[in-house]
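*Asks:* Quick one: structure below, then a few questions.
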Amino acid sequence: MKIAFIGCGKLGLPCAEEIVKAGHEVTGYDPAYIKDDRTFKKHNGLIDLKHTIPEAVKFAKIVFVAVPTPHDPSYDGRAPTAHLAPKDFDYTIVKQVLNECNSVMNPAQMIVLISTVLPGTVRRELAPMITSTRFVYNPYLIAMGSVAWDFRNPEMIMIGTQDGSSTGDAQELVDFYSTVIESDTRYEIGTWDECECIKVFYNTFISTKIALVNMIQDVALKQGNINVDVVTQALAKSSKRIMGPQYMTAGMGDGGACHPRDNIALRYMAQELGLGYDLFDEIMFAREKQAENLAKFLVNIAQENNLPILIHGVAYKPNVPYKDGSYSLLVAHYCEQQGMWPILVDPHTHAQRGPFKAVALLAHNANITYKYINEQKQELYCYLEKGSVIVDPWRQYEDDRYKVIHYGNTRTLA
Ligand SMILES: NC(=O)c1ccc[n+]([C@@H]2O[C@H](COP(=O)([O-])OP(=O)(O)OC[C@H]3O[C@@H](n4cnc5c(N)ncnc54)[C@H](O)[C@@H]3O)[C@@H](O)[C@H]2O)c1
C-alpha cells in the first residue's frame, strides 16, 4: 500500500520505517530534513522523502500525521510546574498540516492523526477543517527507546471515528495494521473523543501509579523500619483487587467501614510525617465532588420531571445492613443541600415496597460488586410506577417501562 508520513520525528520516522519493512511504500515530509541537500540525503533512506506536503501525499492511500503538539517549554516537568497555570498543548502545527493536506487530498484517501491532543480537540477544532477527505484519530502508546518494538507490539491500537463505528474507515485501518503489527493486537475502536481519553488517561494512570509507589518510598524514609520494596511487592502481587480489571467500572464512589476512614487517617499520617503533600486529601475531595455532581444531576432531572428522588440501595453495598461510609447517604446529603431529601429504599436498612413514582438512582449493583464470587442479578427493591426515571450509574439496567439514563455514557445522552 502507498502510505505517507507527515512529521518524521522521534515517533514518525521509526514507525514509517517499520511500515516500509513490512512491504509498503512510504513517502514522507518533514521540514527539518529539507533545510539542505546533505540533511535531505542523509534521511532519505527507507522513506522516500519529499520537499512538500502535496508531493508526499499525492499517491498515498493513508496519510499519517505525527507532527508535534508542543507544550510551553516551561511545562516539561524538569522544573516545578505544579504552581503554573494549566495549559493545553499547542495545536498550531497540526492545524497547518491538516489544512494543507485537506487542500490536496480526496475522499479515496484518509488522514490518520497520531499526534496527542486533549479530549474534545478533534471534534471541536480539527475535524471541521477536513472537508475533502476522510479523518481518523489514532494516537500511539509508544515509549522512547523502544519505538520500533512498541509499534509492532502495541498494547492496543486506538481507532477513533466520528460516531465510533467500527466499519468503514476503522476497518480499513485495521486491515492495514494487520499487515504490519503482531497478530494478537487488541483494537479499541470508539469515537474520536473516546480515543483521546484512552490515550491521555492511559498515561496519567501510569503517572498516578508512580506517584503512589514513590509516596510509599517517602513514608519508608520518614517512618523508619520499612523497605519500600517489601510493601510495593506485596501490593504488586495483589491481583484480586488492585492489579487487574477490578474496580475499573465507573459508578458509585467507595464506601464501607474501612475505605473512607483509612484515607482520612492517612491524611493525618501525611501531616505527621511531613510528606509535604497529601494525595489522600485530594482523593477524598474528588470522592465528595463526584457525589455532589451526581446529586446535582439527580436534582436537575427531578425538577424537570416534577418527581421526588429515590435512592435505591442505602447500605454501602448490596446485601449487607451496614451504612458505614455509605456513598448513597453522601449523595443523599448533597441532594438535601440542593433542597431535595430523597426517598431511601433498601431491604436491609429502609425496607419499603412502594409503589413510588420517582427519579431512582440505582446505587446498588450486586452483579458488579460480587462479580468475583459469582454472577448475581440485581432485582429492584421496590415497585416503581410507570413515568419514573431510572438513573443507573453502572450503565446496565434496561427496562422499556421507564426512561433509563446510563450515567457516564454521553453517547446516548446527546
Ligand atoms: N515520541 C513518542 O514516544 C510519542 C508517543 C506517543 C505520542 N507522541 C505524540 O506524537 C507527536 C509527535 O511526537 P514526536 O515525539 O515524534 O515529536 P518530534 O518533535 O520528535 O517530531 C515531530 C516532527 O514533526 C516535524 N514537523 C514540525 N513541523 C512540521 C510541519 N509543519 N510539517 C511536517 N512535519 C513537521 C518536526 O520537524 C519533527 O521532526 C506529538 O503529538 C507527541 O505527543 C509521541
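Every chain in the C-alpha cells takes a letter, A first, then B, and so on in the order presented; its residues are numbered from 1, and the ligands are numbered from 1 following the presented order.
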Got a sec to check which residues lie within 7 Å of ligand 1, using only C-alpha atoms and all ligand atoms, and send them as a PyMOL selection string?
*Replies:* chain A and resi 6-12+29-32+66-70+93+96-97+114-117+139-144+147
*Asks:* Using only C-alpha atoms, which residues sit within 10 Å of A:Gln223 once same-chain residues fewer than 4 positions away are excluded, as number ranges by chain?
*Replies:* A: 217-219, 269, 272-273
*Asks:* Mind checking which residues fall within 8 Å of A:Val200, counting only C-alpha atoms, ignoring those fewer than 4 positions away in the same chain, and posting them as a PDB file with C-alpha atoms, in the first residue's frame?
*Replies:*
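As a result, result06.pdb now contains:
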ATOM      1  CA  THR A 116      -1.544  13.617  21.088  1.00  0.00           C
ATOM      2  CA  LEU A 118      -6.705  16.668  24.743  1.00  0.00           C
ATOM      3  CA  GLU A 196      -8.484  10.957  23.004  1.00  0.00           C
ATOM      4  CA  THR A 204      -1.969   9.540  33.622  1.00  0.00           C
TER       5      THR A 204
END
*Asks:* Could you pull the residues within 7 Å of A:Ile34, counting only C-alpha atoms, minus those fewer than 5 positions along the same chain, as a VMD selection string?
*Replies:* chain A and resid 39 to 40 51
*Asks:* Create the file for the chosen residues now, containing C-alpha atoms and written as a PDB file, in the first residue's frame.
*Replies:*
ATOM      1  CA  THR A  39      20.401  16.544   5.598  1.00  0.00           C
ATOM      2  CA  PHE A  40      17.851  15.504   2.994  1.00  0.00           C
ATOM      3  CA  HIS A  51      10.015  18.517  -0.409  1.00  0.00           C
TER       4      HIS A  51
END
*Asks:* A:Val320, A:Leu126, A:Met340, A:Leu294: which is nearest A:Tyr407, counting only C-alpha atoms?
*Replies:*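 When distances to A:Tyr407 are compared using only C-alpha atoms, the smallest one comes from A:Leu294.
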*Asks:* As a ChimeraX atom specification, please: the residues near A:Gly251 (cut-off 10 Å, only C-alpha atoms, same-chain neighbours under 6 positions excluded).
*Replies:* /A:290,294,362-365,368,392-395,407-408
*Asks:* Between A:Leu310, A:Val136, A:Leu212, A:Val26, which has the minimum distance to A:Leu361 (counting only C-alpha atoms)?
*Replies:* A:Leu310
*Asks:* Name the residues of stretch 2-230 of chain A that come out as strand (DSSP E) in a backbone DSSP run; write them as a PyMOL selection string.
*Replies:* chain A and resi 2-6+25-29+48-49+62-65+110-113+134-137+157-161+187-191
*Asks:* Export, as a JSON list (two decimals), in the first residue's frame, the selected residues with N, CA and C atoms.
*Replies:*
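again-v2.json, written as the output of this step:
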[["chain", "number", "residue", "atom", "x", "y", "z"],
["A", 2, "LYS", "N", 0.38, 2.31, -0.58],
["A", 2, "LYS", "CA", 1.15, 3.57, -0.56],
["A", 2, "LYS", "C", 0.71, 4.39, 0.67],
["A", 3, "ILE", "N", 1.71, 4.74, 1.45],
["A", 3, "ILE", "CA", 1.48, 5.42, 2.73],
["A", 3, "ILE", "C", 2.30, 6.70, 2.76],
["A", 4, "ALA", "N", 1.82, 7.73, 3.42],
["A", 4, "ALA", "CA", 2.63, 8.94, 3.63],
["A", 4, "ALA", "C", 2.74, 9.23, 5.12],
["A", 5, "PHE", "N", 3.88, 9.78, 5.50],
["A", 5, "PHE", "CA", 4.08, 10.23, 6.89],
["A", 5, "PHE", "C", 4.42, 11.71, 6.88],
["A", 6, "ILE", "N", 3.57, 12.52, 7.49],
["A", 6, "ILE", "CA", 3.86, 13.95, 7.62],
["A", 6, "ILE", "C", 4.33, 14.14, 9.06],
["A", 25, "GLU", "N", 5.07, 1.07, 0.57],
["A", 25, "GLU", "CA", 5.88, 2.20, 0.09],
["A", 25, "GLU", "C", 5.51, 3.42, 0.91],
["A", 26, "VAL", "N", 6.52, 4.08, 1.49],
["A", 26, "VAL", "CA", 6.21, 5.24, 2.33],
["A", 26, "VAL", "C", 6.93, 6.49, 1.82],
["A", 27, "THR", "N", 6.13, 7.53, 1.56],
["A", 27, "THR", "CA", 6.69, 8.84, 1.27],
["A", 27, "THR", "C", 6.61, 9.65, 2.56],
["A", 28, "GLY", "N", 7.50, 10.66, 2.68],
["A", 28, "GLY", "CA", 7.48, 11.44, 3.92],
["A", 28, "GLY", "C", 7.73, 12.90, 3.66],
["A", 29, "TYR", "N", 7.26, 13.70, 4.61],
["A", 29, "TYR", "CA", 7.57, 15.13, 4.55],
["A", 29, "TYR", "C", 7.88, 15.61, 5.97],
["A", 48, "ASP", "N", 10.84, 7.57, 1.31],
["A", 48, "ASP", "CA", 11.03, 8.42, 0.14],
["A", 48, "ASP", "C", 10.61, 9.85, 0.52],
["A", 49, "LEU", "N", 11.60, 10.62, 0.99],
["A", 49, "LEU", "CA", 11.26, 11.97, 1.47],
["A", 49, "LEU", "C", 10.94, 12.90, 0.31],
["A", 62, "ILE", "N", -3.21, 6.17, 2.71],
["A", 62, "ILE", "CA", -3.33, 6.61, 4.10],
["A", 62, "ILE", "C", -2.21, 7.61, 4.40],
["A", 63, "VAL", "N", -2.59, 8.75, 4.99],
["A", 63, "VAL", "CA", -1.60, 9.79, 5.33],
["A", 63, "VAL", "C", -1.55, 9.92, 6.86],
["A", 64, "PHE", "N", -0.47, 9.43, 7.45],
["A", 64, "PHE", "CA", -0.31, 9.56, 8.91],
["A", 64, "PHE", "C", 0.29, 10.93, 9.23],
["A", 65, "VAL", "N", -0.26, 11.56, 10.26],
["A", 65, "VAL", "CA", 0.26, 12.87, 10.67],
["A", 65, "VAL", "C", 0.82, 12.72, 12.09],
["A", 110, "MET", "N", -7.22, 8.95, 3.16],
["A", 110, "MET", "CA", -7.63, 9.08, 4.56],
["A", 110, "MET", "C", -6.49, 9.71, 5.36],
["A", 111, "ILE", "N", -6.83, 10.72, 6.18],
["A", 111, "ILE", "CA", -5.82, 11.29, 7.09],
["A", 111, "ILE", "C", -5.95, 10.55, 8.43],
["A", 112, "VAL", "N", -4.83, 10.13, 8.96],
["A", 112, "VAL", "CA", -4.84, 9.46, 10.26],
["A", 112, "VAL", "C", -3.94, 10.26, 11.20],
["A", 113, "LEU", "N", -4.56, 10.94, 12.16],
["A", 113, "LEU", "CA", -3.79, 11.80, 13.07],
["A", 113, "LEU", "C", -3.28, 10.97, 14.25],
["A", 134, "ARG", "N", -11.10, 11.82, 4.27],
["A", 134, "ARG", "CA", -11.63, 11.18, 5.48],
["A", 134, "ARG", "C", -10.64, 11.37, 6.63],
["A", 135, "PHE", "N", -11.14, 11.24, 7.87],
["A", 135, "PHE", "CA", -10.29, 11.57, 9.02],
["A", 135, "PHE", "C", -10.49, 10.58, 10.16],
["A", 136, "VAL", "N", -9.37, 10.04, 10.64],
["A", 136, "VAL", "CA", -9.41, 9.11, 11.77],
["A", 136, "VAL", "C", -8.39, 9.58, 12.80],
["A", 137, "TYR", "N", -8.73, 9.44, 14.10],
["A", 137, "TYR", "CA", -7.76, 9.76, 15.15],
["A", 137, "TYR", "C", -7.20, 8.46, 15.71],
["A", 157, "ILE", "N", -4.39, -0.79, 19.76],
["A", 157, "ILE", "CA", -4.45, 0.24, 18.72],
["A", 157, "ILE", "C", -5.78, 0.95, 18.87],
["A", 158, "MET", "N", -5.71, 2.26, 19.10],
["A", 158, "MET", "CA", -6.94, 3.03, 19.29],
["A", 158, "MET", "C", -7.34, 3.65, 17.96],
["A", 159, "ILE", "N", -8.58, 3.42, 17.58],
["A", 159, "ILE", "CA", -9.04, 3.99, 16.32],
["A", 159, "ILE", "C", -10.30, 4.81, 16.59],
["A", 160, "GLY", "N", -10.20, 6.11, 16.42],
["A", 160, "GLY", "CA", -11.32, 6.99, 16.73],
["A", 160, "GLY", "C", -11.98, 7.50, 15.47],
["A", 161, "THR", "N", -13.31, 7.28, 15.39],
["A", 161, "THR", "CA", -14.07, 7.79, 14.25],
["A", 161, "THR", "C", -15.16, 8.72, 14.78],
["A", 187, "TYR", "N", -7.65, -4.15, 19.28],
["A", 187, "TYR", "CA", -8.11, -2.89, 18.67],
["A", 187, "TYR", "C", -9.18, -2.29, 19.56],
["A", 188, "GLU", "N", -9.07, -1.03, 19.86],
["A", 188, "GLU", "CA", -10.10, -0.33, 20.63],
["A", 188, "GLU", "C", -10.67, 0.74, 19.71],
["A", 189, "ILE", "N", -11.89, 0.51, 19.27],
["A", 189, "ILE", "CA", -12.48, 1.43, 18.31],
["A", 189, "ILE", "C", -13.58, 2.22, 19.02],
["A", 190, "GLY", "N", -13.52, 3.53, 18.92],
["A", 190, "GLY", "CA", -14.51, 4.36, 19.60],
["A", 190, "GLY", "C", -14.66, 5.68, 18.89],
["A", 191, "THR", "N", -15.33, 6.61, 19.55],
["A", 191, "THR", "CA", -15.44, 7.94, 18.95],
["A", 191, "THR", "C", -14.07, 8.62, 19.05]]
*Asks:* Could you check how far atom CA of A:Asn293 sits from atom CA of A:Gly120, in Å to one decimal?
*Replies:*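 The value is 20.4 Å.
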*Asks:* Where in stretch 218-413 of chain A does DSSP assign helix (DSSP H, G or I), given as a PyMOL selection string?
*Replies:* chain A and resi 218-223+228-236+259-273+279-305+327-337+366-369+410-413
*Asks:* I want to know what sits within 7 Å of A:Cys335, based on only C-alpha atoms, with residues of the same chain fewer than 6 positions away left out; could you give that as a ChimeraX atom specification?
*Replies:* /A:295-296,299,341
*Asks:* Would you save the residues of that selection, restricted to N, CA and C atoms, as a short mmCIF file (atom, residue, chain, number, x, y, z; two decimals), in the first residue's frame?
*Replies:*
data_model
loop_
_atom_site.label_atom_id
_atom_site.label_comp_id
_atom_site.auth_asym_id
_atom_site.auth_seq_id
_atom_site.Cartn_x
_atom_site.Cartn_y
_atom_site.Cartn_z
N ALA A 295 -25.47 14.15 42.66
CA ALA A 295 -26.68 14.70 43.31
C ALA A 295 -27.28 15.82 42.46
N LYS A 296 -26.44 16.69 41.93
CA LYS A 296 -26.95 17.80 41.11
C LYS A 296 -27.63 17.27 39.86
N VAL A 299 -31.01 16.01 40.95
CA VAL A 299 -31.92 17.11 41.29
C VAL A 299 -32.44 17.77 40.02
N TRP A 341 -34.58 16.11 49.86
CA TRP A 341 -34.18 14.91 50.61
C TRP A 341 -34.81 13.70 49.93
#
